[in-house]
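Engineer: Structure file start.csv (CSV, C-alpha atoms) is given on the next line.
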chain,number,residue,atom,x,y,z
A,1,MET,CA,0.0,0.0,0.0
A,2,THR,CA,1.4,3.4,-1.0
A,3,LEU,CA,1.0,6.8,0.5
A,4,ARG,CA,-1.4,7.6,-2.3
A,5,ASP,CA,-3.6,4.6,-1.5
A,6,ILE,CA,-3.8,5.7,2.2
A,7,ILE,CA,-4.8,9.2,1.3
A,8,ASN,CA,-7.4,8.0,-1.1
A,9,LYS,CA,-8.8,5.7,1.6
A,10,LEU,CA,-8.9,8.5,4.2
A,11,LEU,CA,-10.7,10.8,1.7
A,12,ARG,CA,-13.0,7.9,0.7
A,13,ARG,CA,-11.9,8.3,-2.9
A,14,GLN,CA,-11.6,5.5,-5.4
A,15,PRO,CA,-8.2,3.8,-5.3
A,16,ALA,CA,-5.8,4.6,-8.2
A,17,SER,CA,-6.8,2.4,-11.1
A,18,ALA,CA,-3.4,0.6,-11.4
A,19,SER,CA,-4.0,-1.4,-8.3
A,20,THR,CA,-7.5,-2.4,-9.6
A,21,ALA,CA,-6.0,-3.4,-12.9
A,22,ARG,CA,-3.4,-5.5,-11.1
A,23,GLU,CA,-5.9,-7.3,-9.0
A,24,ARG,CA,-8.3,-8.0,-11.9
A,25,LEU,CA,-5.5,-9.3,-14.0
A,26,GLN,CA,-4.1,-11.6,-11.4
A,27,LEU,CA,-7.6,-13.1,-10.9
A,28,VAL,CA,-8.4,-13.5,-14.6
A,29,LEU,CA,-4.9,-14.9,-15.4
A,30,ALA,CA,-5.2,-17.6,-12.7
A,31,HIS,CA,-8.3,-18.8,-14.4
A,32,ASP,CA,-7.0,-18.4,-17.9
A,33,ARG,CA,-3.9,-20.5,-17.0
A,34,SER,CA,-5.8,-23.2,-15.4
A,35,ASP,CA,-8.8,-23.5,-17.8
A,36,LEU,CA,-10.9,-24.1,-14.7
A,37,SER,CA,-14.4,-22.6,-14.7
A,38,THR,CA,-16.0,-21.1,-11.5
A,39,GLU,CA,-18.5,-23.9,-11.4
A,40,LEU,CA,-15.8,-26.6,-11.5
A,41,LEU,CA,-13.8,-24.7,-8.8
A,42,ASP,CA,-16.9,-24.6,-6.6
A,43,GLN,CA,-17.6,-28.2,-7.2
A,44,MET,CA,-14.0,-29.0,-6.2
A,45,ARG,CA,-14.3,-26.8,-3.2
A,46,LYS,CA,-17.3,-28.7,-2.0
A,47,GLU,CA,-15.7,-32.1,-2.5
A,48,ILE,CA,-12.5,-31.1,-0.8
A,49,LEU,CA,-14.5,-29.8,2.2
A,50,GLU,CA,-16.4,-33.1,2.4
A,51,VAL,CA,-13.3,-35.1,2.4
A,52,VAL,CA,-11.6,-33.0,5.0
A,53,ALA,CA,-14.8,-32.9,7.1
A,54,LYS,CA,-14.5,-36.7,7.5
A,55,TYR,CA,-11.4,-36.3,9.6
A,56,VAL,CA,-11.6,-32.9,11.3
A,57,GLU,CA,-14.5,-30.7,12.2
A,58,ILE,CA,-14.3,-27.7,9.9
A,59,ASP,CA,-16.4,-24.7,9.4
A,60,MET,CA,-18.3,-25.6,6.1
A,61,ASP,CA,-19.3,-22.1,5.4
A,62,GLU,CA,-15.9,-20.5,5.9
A,63,GLY,CA,-13.8,-22.8,3.7
A,64,ALA,CA,-12.4,-21.2,0.6
A,65,VAL,CA,-10.5,-22.7,-2.3
A,66,SER,CA,-8.9,-20.4,-4.7
A,67,LEU,CA,-6.3,-20.2,-7.4
A,68,GLU,CA,-3.3,-18.0,-6.8
A,69,THR,CA,-0.6,-17.1,-9.2
A,70,GLU,CA,2.9,-16.0,-8.7
A,71,ASP,CA,5.8,-16.2,-11.2
A,72,ARG,CA,3.7,-18.1,-13.8
A,73,MET,CA,3.2,-20.8,-11.1
A,74,THR,CA,-0.5,-21.3,-10.3
A,75,ALA,CA,-1.3,-22.9,-6.9
A,76,LEU,CA,-4.6,-24.2,-5.6
A,77,VAL,CA,-4.9,-22.7,-2.2
A,78,ALA,CA,-7.4,-24.2,0.3
A,79,ASN,CA,-8.2,-22.3,3.4
A,80,LEU,CA,-10.2,-24.5,5.8
A,81,PRO,CA,-10.7,-23.2,9.3
A,82,ILE,CA,-10.8,-26.1,11.8
A,83,LYS,CA,-13.2,-25.9,14.7
A,84,ARG,CA,-11.6,-26.3,18.1
A,85,THR,CA,-13.0,-27.7,21.3
A,86,LEU,CA,-13.4,-25.5,24.4
A,87,ASN,CA,-10.0,-26.4,25.7
A,88,GLY,CA,-8.4,-25.5,22.4
A,89,GLN,CA,-8.0,-29.0,21.0
A,90,ILE,CA,-8.6,-29.8,17.4
A,91,LYS,CA,-11.8,-31.8,17.0
A,92,PHE,CA,-10.8,-35.0,15.2
A,93,ILE,CA,-13.4,-37.3,13.9
A,94,GLU,CA,-12.8,-41.0,14.2
A,95,PRO,CA,-12.6,-42.3,10.7
A,96,SER,CA,-14.3,-45.7,11.3
A,97,ASN,CA,-18.1,-45.4,11.3
A,98,GLN,CA,-19.2,-43.1,8.6
A,99,LEU,CA,-22.9,-43.9,8.7
A,100,ASP,CA,-23.3,-43.2,12.4
A,101,GLU,CA,-22.8,-39.4,12.1
A,102,ASN,CA,-24.2,-38.6,15.6
A,103,SER,CA,-22.0,-41.0,17.4
A,104,GLN,CA,-19.5,-39.4,19.8
A,105,GLU,CA,-16.1,-40.6,21.0
A,106,GLU,CA,-17.4,-43.1,23.5
A,107,GLU,CA,-19.9,-44.8,21.2
A,108,ILE,CA,-17.5,-45.9,18.5
A,109,THR,CA,-18.2,-49.5,17.5
A,110,GLU,CA,-15.9,-51.7,15.6
A,111,PRO,CA,-17.1,-52.2,12.1
A,112,ASN,CA,-18.1,-55.8,11.4
A,113,SER,CA,-16.2,-57.2,8.6
B,1,MET,CA,27.1,-17.7,-45.1
B,2,THR,CA,26.3,-17.1,-41.5
B,3,THR,CA,26.1,-20.0,-39.1
B,4,ASP,CA,24.7,-18.4,-35.9
B,5,THR,CA,21.7,-16.6,-37.3
B,6,ARG,CA,19.3,-15.4,-34.7
B,7,VAL,CA,15.7,-16.1,-35.7
B,8,ILE,CA,13.4,-14.0,-33.5
B,9,LEU,CA,9.6,-14.0,-33.4
B,10,ILE,CA,8.0,-10.7,-32.5
B,11,CYS,CA,4.5,-11.4,-31.2
B,12,SER,CA,1.9,-10.0,-28.8
B,13,GLY,CA,-1.4,-11.9,-29.1
B,14,LYS,CA,-3.4,-8.7,-29.1
B,15,GLY,CA,-3.3,-6.5,-32.2
B,16,GLY,CA,-2.3,-2.9,-32.3
B,17,VAL,CA,0.2,-3.0,-29.5
B,18,GLY,CA,3.3,-2.3,-31.7
B,19,LYS,CA,4.7,-5.5,-33.1
B,20,THR,CA,5.2,-4.1,-36.6
B,21,THR,CA,6.6,-0.8,-35.4
B,22,LEU,CA,9.1,-2.7,-33.2
B,23,THR,CA,10.0,-5.0,-36.0
B,24,ALA,CA,10.7,-2.1,-38.4
B,25,ASN,CA,12.7,-0.1,-35.8
B,26,LEU,CA,14.7,-3.1,-34.6
B,27,GLY,CA,15.4,-4.0,-38.2
B,28,ILE,CA,16.8,-0.6,-38.9
B,29,SER,CA,18.7,-0.4,-35.6
B,30,LEU,CA,20.4,-3.8,-36.1
B,31,ALA,CA,21.2,-3.0,-39.7
B,32,ARG,CA,22.8,0.3,-38.5
B,33,GLN,CA,25.1,-1.8,-36.3
B,34,GLY,CA,26.3,-3.5,-39.4
B,35,LEU,CA,24.3,-6.6,-39.0
B,36,SER,CA,22.7,-8.1,-42.1
B,37,THR,CA,19.0,-8.3,-41.1
B,38,ALA,CA,15.9,-9.7,-42.8
B,39,VAL,CA,12.4,-8.8,-41.6
B,40,LEU,CA,9.8,-11.3,-42.6
B,41,ASP,CA,6.2,-10.2,-42.6
B,42,ALA,CA,4.4,-13.3,-41.5
B,43,ASP,CA,1.1,-11.4,-41.4
B,44,PHE,CA,0.3,-11.8,-45.1
B,45,GLY,CA,-3.5,-11.4,-44.6
B,46,LEU,CA,-3.1,-7.9,-43.3
B,47,ARG,CA,0.5,-7.0,-44.1
B,48,ASN,CA,1.8,-3.7,-43.0
B,49,LEU,CA,5.5,-4.0,-42.4
B,50,ASP,CA,6.1,-2.8,-46.0
B,51,LEU,CA,4.1,0.3,-45.3
B,52,LEU,CA,6.1,1.2,-42.1
B,53,LEU,CA,9.4,0.7,-43.9
B,54,GLY,CA,8.2,2.8,-46.9
B,55,LEU,CA,8.7,-0.2,-49.3
B,56,GLU,CA,5.1,-0.8,-50.3
B,57,ASN,CA,5.7,0.1,-53.9
B,58,ARG,CA,8.7,-2.1,-54.4
B,59,ILE,CA,7.3,-5.5,-53.6
B,60,VAL,CA,7.2,-7.7,-56.7
B,61,TYR,CA,7.4,-11.3,-55.4
B,62,THR,CA,6.8,-12.9,-52.0
B,63,ALA,CA,8.0,-15.9,-50.2
B,64,GLN,CA,5.3,-18.0,-51.9
B,65,GLU,CA,6.9,-17.5,-55.4
B,66,VAL,CA,10.3,-18.3,-53.9
B,67,LEU,CA,8.9,-21.6,-52.5
B,68,GLU,CA,7.2,-22.4,-55.7
B,69,GLU,CA,10.4,-21.7,-57.6
B,70,GLU,CA,8.9,-19.0,-59.7
B,71,CYS,CA,11.7,-16.7,-58.6
B,72,ARG,CA,14.9,-16.6,-56.7
B,73,LEU,CA,15.2,-15.5,-53.1
B,74,ASP,CA,17.2,-12.4,-54.0
B,75,GLN,CA,14.5,-11.3,-56.4
B,76,ALA,CA,11.8,-11.4,-53.7
B,77,LEU,CA,13.9,-9.7,-51.0
B,78,VAL,CA,13.3,-5.9,-51.0
B,79,LYS,CA,16.4,-4.0,-50.0
B,80,HIS,CA,15.8,-0.9,-47.9
B,81,LYS,CA,16.5,2.3,-49.7
B,82,GLN,CA,18.7,3.9,-47.1
B,83,GLU,CA,19.8,1.0,-45.1
B,84,ALA,CA,21.4,-1.6,-47.4
B,85,ASN,CA,21.9,-4.1,-44.6
B,86,LEU,CA,18.1,-4.5,-44.2
B,87,SER,CA,15.8,-6.5,-46.4
B,88,LEU,CA,12.1,-7.1,-46.3
B,89,LEU,CA,10.4,-10.4,-47.4
B,90,PRO,CA,6.7,-10.5,-47.4
B,91,ALA,CA,5.4,-14.0,-46.7
B,92,GLY,CA,2.5,-13.6,-49.2
B,93,ASN,CA,-0.1,-11.3,-50.4
B,94,PRO,CA,-3.6,-10.9,-49.1
B,95,ARG,CA,-5.1,-12.8,-52.1
B,96,MET,CA,-3.6,-16.1,-51.1
B,97,LEU,CA,-5.2,-16.7,-47.8
B,98,ASP,CA,-4.1,-20.0,-46.5
B,99,TRP,CA,-1.2,-21.4,-48.5
B,100,LEU,CA,1.3,-21.0,-45.7
B,101,LYS,CA,2.0,-24.0,-43.4
B,102,PRO,CA,4.6,-24.4,-40.7
B,103,ASP,CA,6.8,-26.3,-43.0
B,104,ASP,CA,6.7,-23.5,-45.6
B,105,MET,CA,7.8,-21.1,-42.9
B,106,LYS,CA,10.7,-23.4,-41.9
B,107,ARG,CA,11.9,-23.7,-45.5
B,108,ILE,CA,11.9,-20.0,-46.1
B,109,VAL,CA,13.7,-19.2,-42.9
B,110,GLU,CA,16.3,-21.8,-43.7
B,111,MET,CA,17.0,-20.0,-46.9
B,112,LEU,CA,17.2,-16.6,-45.1
B,113,LYS,CA,19.6,-18.0,-42.6
B,114,GLU,CA,22.1,-18.6,-45.4
B,115,GLN,CA,22.7,-14.9,-45.8
B,116,PHE,CA,21.5,-13.0,-42.7
B,117,ASN,CA,22.7,-12.4,-39.1
B,118,TYR,CA,19.2,-11.7,-37.9
B,119,VAL,CA,15.8,-12.8,-39.1
B,120,LEU,CA,13.0,-10.9,-37.4
B,121,ILE,CA,9.5,-12.4,-37.9
B,122,ASP,CA,6.6,-10.0,-37.6
B,123,CYS,CA,3.8,-12.3,-36.2
B,124,PRO,CA,0.1,-11.8,-37.0
B,125,ALA,CA,-2.2,-11.0,-34.1
B,126,GLY,CA,-4.1,-13.8,-32.5
B,127,VAL,CA,-3.1,-17.3,-31.3
B,128,GLU,CA,-4.5,-19.3,-34.2
B,129,ASP,CA,-2.9,-20.7,-37.4
B,130,GLY,CA,-1.1,-17.5,-38.4
B,131,PHE,CA,0.7,-17.4,-35.0
B,132,LYS,CA,1.5,-21.1,-35.1
B,133,ASN,CA,3.0,-20.8,-38.6
B,134,ALA,CA,5.0,-17.8,-37.7
B,135,MET,CA,6.3,-19.6,-34.5
B,136,ALA,CA,7.3,-22.8,-36.4
B,137,ALA,CA,10.7,-21.6,-37.6
B,138,CYS,CA,11.8,-19.4,-34.7
B,139,LYS,CA,14.2,-20.2,-31.9
B,140,GLU,CA,13.6,-17.2,-29.6
B,141,ALA,CA,10.8,-14.6,-29.2
B,142,ILE,CA,10.1,-11.1,-28.1
B,143,VAL,CA,6.6,-10.5,-26.6
B,144,VAL,CA,5.4,-7.0,-27.0
B,145,THR,CA,2.7,-5.7,-24.7
B,146,ASN,CA,1.2,-2.4,-23.4
B,147,PRO,CA,0.6,-1.6,-19.7
B,148,GLU,CA,-3.1,-2.3,-20.2
B,149,VAL,CA,-5.2,-5.3,-18.9
B,150,SER,CA,-6.3,-6.6,-22.3
B,151,ALA,CA,-2.8,-6.5,-23.8
B,152,VAL,CA,-1.2,-8.2,-20.7
B,153,ARG,CA,-3.8,-10.9,-20.6
B,154,ASP,CA,-3.3,-11.7,-24.3
B,155,ALA,CA,0.5,-11.6,-23.8
B,156,ASP,CA,0.1,-14.2,-21.1
B,157,ARG,CA,-1.7,-16.6,-23.5
B,158,VAL,CA,1.1,-16.2,-26.1
B,159,ILE,CA,3.8,-16.8,-23.5
B,160,GLY,CA,2.0,-20.0,-22.4
B,161,LEU,CA,2.1,-21.2,-26.1
B,162,LEU,CA,5.7,-20.2,-26.5
B,163,ASN,CA,6.6,-22.1,-23.4
B,164,THR,CA,4.8,-25.3,-24.5
B,165,ASN,CA,6.7,-25.1,-27.8
B,166,GLU,CA,10.0,-24.7,-26.0
B,167,ILE,CA,10.9,-21.4,-27.5
B,168,LYS,CA,13.5,-19.6,-25.5
B,169,PRO,CA,14.6,-17.2,-24.5
B,170,VAL,CA,11.4,-15.2,-24.5
B,171,GLN,CA,11.9,-11.6,-23.6
B,172,LEU,CA,9.4,-8.8,-22.9
B,173,VAL,CA,9.1,-5.3,-24.5
B,174,LEU,CA,6.8,-3.0,-22.7
B,175,ASN,CA,5.5,-0.5,-25.3
B,176,ARG,CA,3.6,2.8,-25.0
B,177,VAL,CA,4.8,3.6,-21.5
B,178,ARG,CA,3.4,6.9,-20.1
B,179,PRO,CA,5.6,8.0,-17.2
B,180,LYS,CA,3.1,10.5,-15.8
B,181,MET,CA,0.3,8.1,-15.7
B,182,MET,CA,2.5,5.4,-14.1
B,183,ALA,CA,3.6,8.0,-11.5
B,184,ASN,CA,0.0,8.7,-10.7
B,185,GLN,CA,-0.6,5.0,-10.4
B,186,GLU,CA,-3.2,5.2,-13.1
B,187,MET,CA,-1.3,2.8,-15.3
B,188,LEU,CA,0.2,-0.7,-14.5
B,189,SER,CA,3.8,-0.2,-13.4
B,190,ILE,CA,6.7,-1.9,-15.1
B,191,ALA,CA,7.1,-4.1,-12.0
B,192,ASP,CA,3.4,-5.0,-12.2
B,193,VAL,CA,3.7,-6.2,-15.8
B,194,THR,CA,7.0,-8.1,-15.3
B,195,ASP,CA,5.8,-9.7,-12.1
B,196,ILE,CA,2.6,-10.9,-13.7
B,197,LEU,CA,4.2,-12.2,-16.9
B,198,ALA,CA,7.4,-13.4,-15.2
B,199,LEU,CA,9.6,-12.5,-18.2
B,200,PRO,CA,12.9,-10.7,-18.4
B,201,LEU,CA,12.4,-7.2,-19.6
B,202,LEU,CA,14.3,-6.5,-22.8
B,203,GLY,CA,13.2,-2.9,-22.8
B,204,LEU,CA,10.5,-0.4,-22.6
B,205,VAL,CA,9.3,2.1,-25.2
B,206,LEU,CA,8.0,5.5,-24.1
B,207,GLU,CA,4.7,6.8,-25.6
B,208,ASP,CA,5.8,9.1,-28.4
B,209,GLU,CA,3.6,11.0,-31.0
B,210,GLN,CA,6.5,10.9,-33.4
B,211,VAL,CA,5.7,7.2,-34.0
B,212,ILE,CA,2.6,8.3,-35.9
B,213,VAL,CA,4.5,10.9,-37.9
B,214,SER,CA,7.1,8.3,-38.8
B,215,THR,CA,4.4,5.8,-39.9
B,216,ASN,CA,2.8,8.5,-42.1
B,217,ARG,CA,6.1,9.0,-43.8
B,218,GLY,CA,7.1,5.3,-44.0
B,219,GLU,CA,10.4,6.2,-42.3
B,220,PRO,CA,11.0,4.3,-39.0
B,221,LEU,CA,12.0,6.7,-36.2
B,222,THR,CA,15.4,5.0,-35.8
B,223,LEU,CA,16.2,6.0,-39.4
B,224,ASN,CA,15.9,9.8,-39.2
B,225,SER,CA,14.6,10.9,-35.8
B,226,VAL,CA,17.1,9.2,-33.6
B,227,ASN,CA,16.7,11.7,-30.8
B,228,SER,CA,13.0,11.2,-30.3
B,229,PRO,CA,12.1,9.4,-27.0
B,230,ALA,CA,10.8,6.2,-28.6
B,231,ALA,CA,13.7,6.0,-31.1
B,232,LYS,CA,16.2,6.0,-28.2
B,233,CYS,CA,14.3,3.1,-26.6
B,234,TYR,CA,14.3,1.1,-29.8
B,235,LEU,CA,18.1,1.7,-30.2
B,236,ASN,CA,18.7,0.5,-26.7
B,237,ILE,CA,16.6,-2.6,-27.3
B,238,ALA,CA,18.7,-3.4,-30.4
B,239,LYS,CA,21.9,-3.0,-28.4
B,240,ARG,CA,20.7,-5.2,-25.5
B,241,LEU,CA,19.8,-7.9,-28.1
B,242,GLN,CA,23.4,-7.8,-29.1
B,243,GLY,CA,24.4,-8.4,-25.5
B,244,GLU,CA,25.3,-4.8,-24.5
B,245,ASP,CA,24.6,-3.8,-21.0
B,246,ILE,CA,22.4,-0.7,-21.3
B,247,PRO,CA,20.5,0.3,-18.2
B,248,LEU,CA,16.7,0.7,-18.5
B,249,ILE,CA,15.1,4.1,-18.6
B,250,ASP,CA,13.4,4.9,-15.3
B,251,PRO,CA,10.1,6.4,-16.3
B,252,SER,CA,9.7,8.2,-13.0
B,253,LYS,CA,12.9,10.2,-13.7
B,254,GLU,CA,11.6,11.2,-17.1
B,255,SER,CA,9.9,14.3,-15.7
B,256,THR,CA,11.5,16.6,-13.2
B,257,GLY,CA,10.4,19.5,-11.0
B,258,PHE,CA,8.1,19.7,-8.0
B,259,GLY,CA,5.2,17.8,-9.6
B,260,ALA,CA,7.4,14.8,-10.3
B,261,LYS,CA,8.9,14.9,-6.8
B,262,PHE,CA,5.4,15.0,-5.3
B,263,ARG,CA,4.3,12.0,-7.4
B,264,ARG,CA,7.3,10.1,-6.4
B,265,LEU,CA,6.5,10.8,-2.7
B,266,MET,CA,3.0,9.5,-3.2
B,267,GLN,CA,4.4,6.2,-4.5
B,268,THR,CA,6.3,5.6,-1.3
B,269,LYS,CA,5.3,2.2,0.0
B,270,ILE,CA,4.0,2.4,3.5
B,271,PHE,CA,3.3,-1.3,4.0
How does the structure come out when it is put into structure tokens?
Structural biologist:
Amino acid sequence: MTLRDIINKLLRRQPASASTARERLQLVLAHDRSDLSTELLDQMRKEILEVVAKYVEIDMDEGAVSLETEDRMTALVANLPIKRTLNGQIKFIEPSNQLDENSQEEEITEPNS
Amino acid sequence: MTTDTRVILICSGKGGVGKTTLTANLGISLARQGLSTAVLDADFGLRNLDLLLGLENRIVYTAQEVLEEECRLDQALVKHKQEANLSLLPAGNPRMLDWLKPDDMKRIVEMLKEQFNYVLIDCPAGVEDGFKNAMAACKEAIVVTNPEVSAVRDADRVIGLLNTNEIKPVQLVLNRVRPKMMANQEMLSIADVTDILALPLLGLVLEDEQVIVSTNRGEPLTLNSVNSPAAKCYLNIAKRLQGEDIPLIDPSKESTGFGAKFRRLMQTKIF
């Protein structure tokens, strides 16, 4: 952020257009380079969240998956906030019994094979 | 015969960013340095290089007649009036719309390599067949772009295609730079463009009304108006191509006085 940006912010003026141009370009190029549509990205986001949610409790509404580009390298960045228990521990979900969604730690039953 | 001919594609993706002007001026500048240079107009559908060089009335044959053995290469090459080291070869004329294939391009460039130090290929706009033909015979490329979102986006497409075809080095020329607008942060900065495209910067060209005057006359700036801002930029680019270490112009230092000092202050990064 430059001095001009700060003054513009204080005066509630529009930011100088170069920064808008830069941001718009970075976004459009990340998508151009990956050939990935927004629908596909959204679909992928949902599936990634579902997979991660099997193991840790995450905030389903907060999770974001985006494409970021730097130096012609495009990275898929997933930001998935993990819910914590009251004493600060990460809430892990036991991977065994997928059907019994309401079951808590004590009630885990061995799957019958 | 020269053995280490440099075959350089000059491309941009978007039209109207200054490919042909750069080709003409680089051609003149390199020829001025005593290097035998051929400029090949690969945009035969909408050719314009002849017009910028003032050679439009002297074209008799094109690369097509050479390949079909209707004439010799030296009959099709149009020598520049003032700069004998520079020759123009049009790939074709607008009537023959799709005769050119990548192999034709390779054959004609092989012939040019026999007698020139430099072959500059002026690429048509777009990323379709015309671009692919023009790319077929080159080893390295210069991507021209403007500090505008549409030009940078299209340049990025072209760079992707050049990378997949293993053309290197690929260098960037940033054309039509307006120092005042950049200082006011109303135009993408040089760092913005080079960061986004991740290419080494071969040079920048300042916006210059003289470019239009020179096109009107059919005399590239580097021929007769060597002191105009853009001409100096083109000459520097030609020298850097030859491996000379010429520092880049700093657009923020192009203007002086209180206004410029103030604009520089406003660009100070706070965080």
Engineer: Taking all atoms listed in the file into account, what are the residues of chain B at most 9 Å from chain A, put as JSON, numbers by chain?
Structural biologist: {"B": [148, 149, 150, 152, 153, 156, 157, 160, 182, 184, 185, 186, 187, 188, 189, 192, 193, 195, 196, 197, 198, 199, 263, 265, 266, 267, 268, 269, 270, 271]}
Engineer: For a quick check of understanding, using all atoms listed in the file, which of B:Ile249, B:Leu89, B:Ala230, B:Leu30 has the smallest distance to B:Leu77?
Structural biologist: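 Under the stated criterion, the closest residue is B:Leu89.
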Engineer: Give me the residues within 8 Å of B:Ala63 as a list in words, counting all atoms listed in the file and dropping any in the same chain fewer than 6 places off.
Structural biologist: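 Neighbouring residues, sequence-local ones excluded: Leu73, Ala76, Leu89, Pro90, Ala91, Gly92 and Ile108 of chain B.
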Engineer: So how many Å separate atom CA of B:Leu241 and atom CA of B:Leu202, to one decimal?
Structural biologist: 7.8 Å
Engineer: Distance atom CA of B:Ser12-atom CA of B:Glu166, one decimal place?
Structural biologist: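 Separation of atom CA of B:Ser12 and atom CA of B:Glu166: 17.0 Å.
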Engineer: Since the input lacks atoms, please generate N, CA and C atoms for stretch 143-157 of chain B and provide them as a short mmCIF file (atom, residue, chain, number, x, y, z; two decimals), in the frame of the given file.
Structural biologist:
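And here's selection-v1.cif as it stands now:
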data_model
loop_
_atom_site.label_atom_id
_atom_site.label_comp_id
_atom_site.auth_asym_id
_atom_site.auth_seq_id
_atom_site.Cartn_x
_atom_site.Cartn_y
_atom_site.Cartn_z
N VAL B 143 8.07 -10.78 -26.80
CA VAL B 143 6.60 -10.50 -26.60
C VAL B 143 6.47 -9.02 -26.37
N VAL B 144 5.65 -8.37 -27.19
CA VAL B 144 5.40 -7.00 -27.00
C VAL B 144 4.05 -6.81 -26.29
N THR B 145 4.01 -5.93 -25.30
CA THR B 145 2.70 -5.70 -24.70
C THR B 145 2.65 -4.21 -24.23
N ASN B 146 1.44 -3.78 -23.90
CA ASN B 146 1.20 -2.40 -23.40
C ASN B 146 0.84 -2.55 -21.91
N PRO B 147 0.99 -1.49 -21.11
CA PRO B 147 0.60 -1.60 -19.70
C PRO B 147 -0.94 -1.48 -19.58
N GLU B 148 -1.68 -2.35 -20.27
CA GLU B 148 -3.10 -2.30 -20.20
C GLU B 148 -3.61 -3.77 -19.99
N VAL B 149 -4.73 -3.91 -19.27
CA VAL B 149 -5.20 -5.30 -18.90
C VAL B 149 -5.35 -6.19 -20.07
N SER B 150 -5.97 -5.71 -21.14
CA SER B 150 -6.30 -6.60 -22.30
C SER B 150 -4.97 -7.08 -22.93
N ALA B 151 -4.02 -6.17 -23.12
CA ALA B 151 -2.80 -6.50 -23.80
C ALA B 151 -1.96 -7.50 -22.92
N VAL B 152 -1.96 -7.29 -21.60
CA VAL B 152 -1.20 -8.20 -20.70
C VAL B 152 -1.83 -9.55 -20.67
N ARG B 153 -3.16 -9.59 -20.63
CA ARG B 153 -3.80 -10.90 -20.60
C ARG B 153 -3.50 -11.69 -21.87
N ASP B 154 -3.57 -11.02 -23.04
CA ASP B 154 -3.30 -11.70 -24.30
C ASP B 154 -1.82 -12.14 -24.37
N ALA B 155 -0.94 -11.29 -23.87
CA ALA B 155 0.50 -11.60 -23.80
C ALA B 155 0.70 -12.90 -23.03
N ASP B 156 -0.04 -13.03 -21.95
CA ASP B 156 0.10 -14.20 -21.10
C ASP B 156 -0.27 -15.49 -21.85
N ARG B 157 -1.33 -15.41 -22.68
CA ARG B 157 -1.70 -16.60 -23.50
C ARG B 157 -0.57 -16.97 -24.43
#
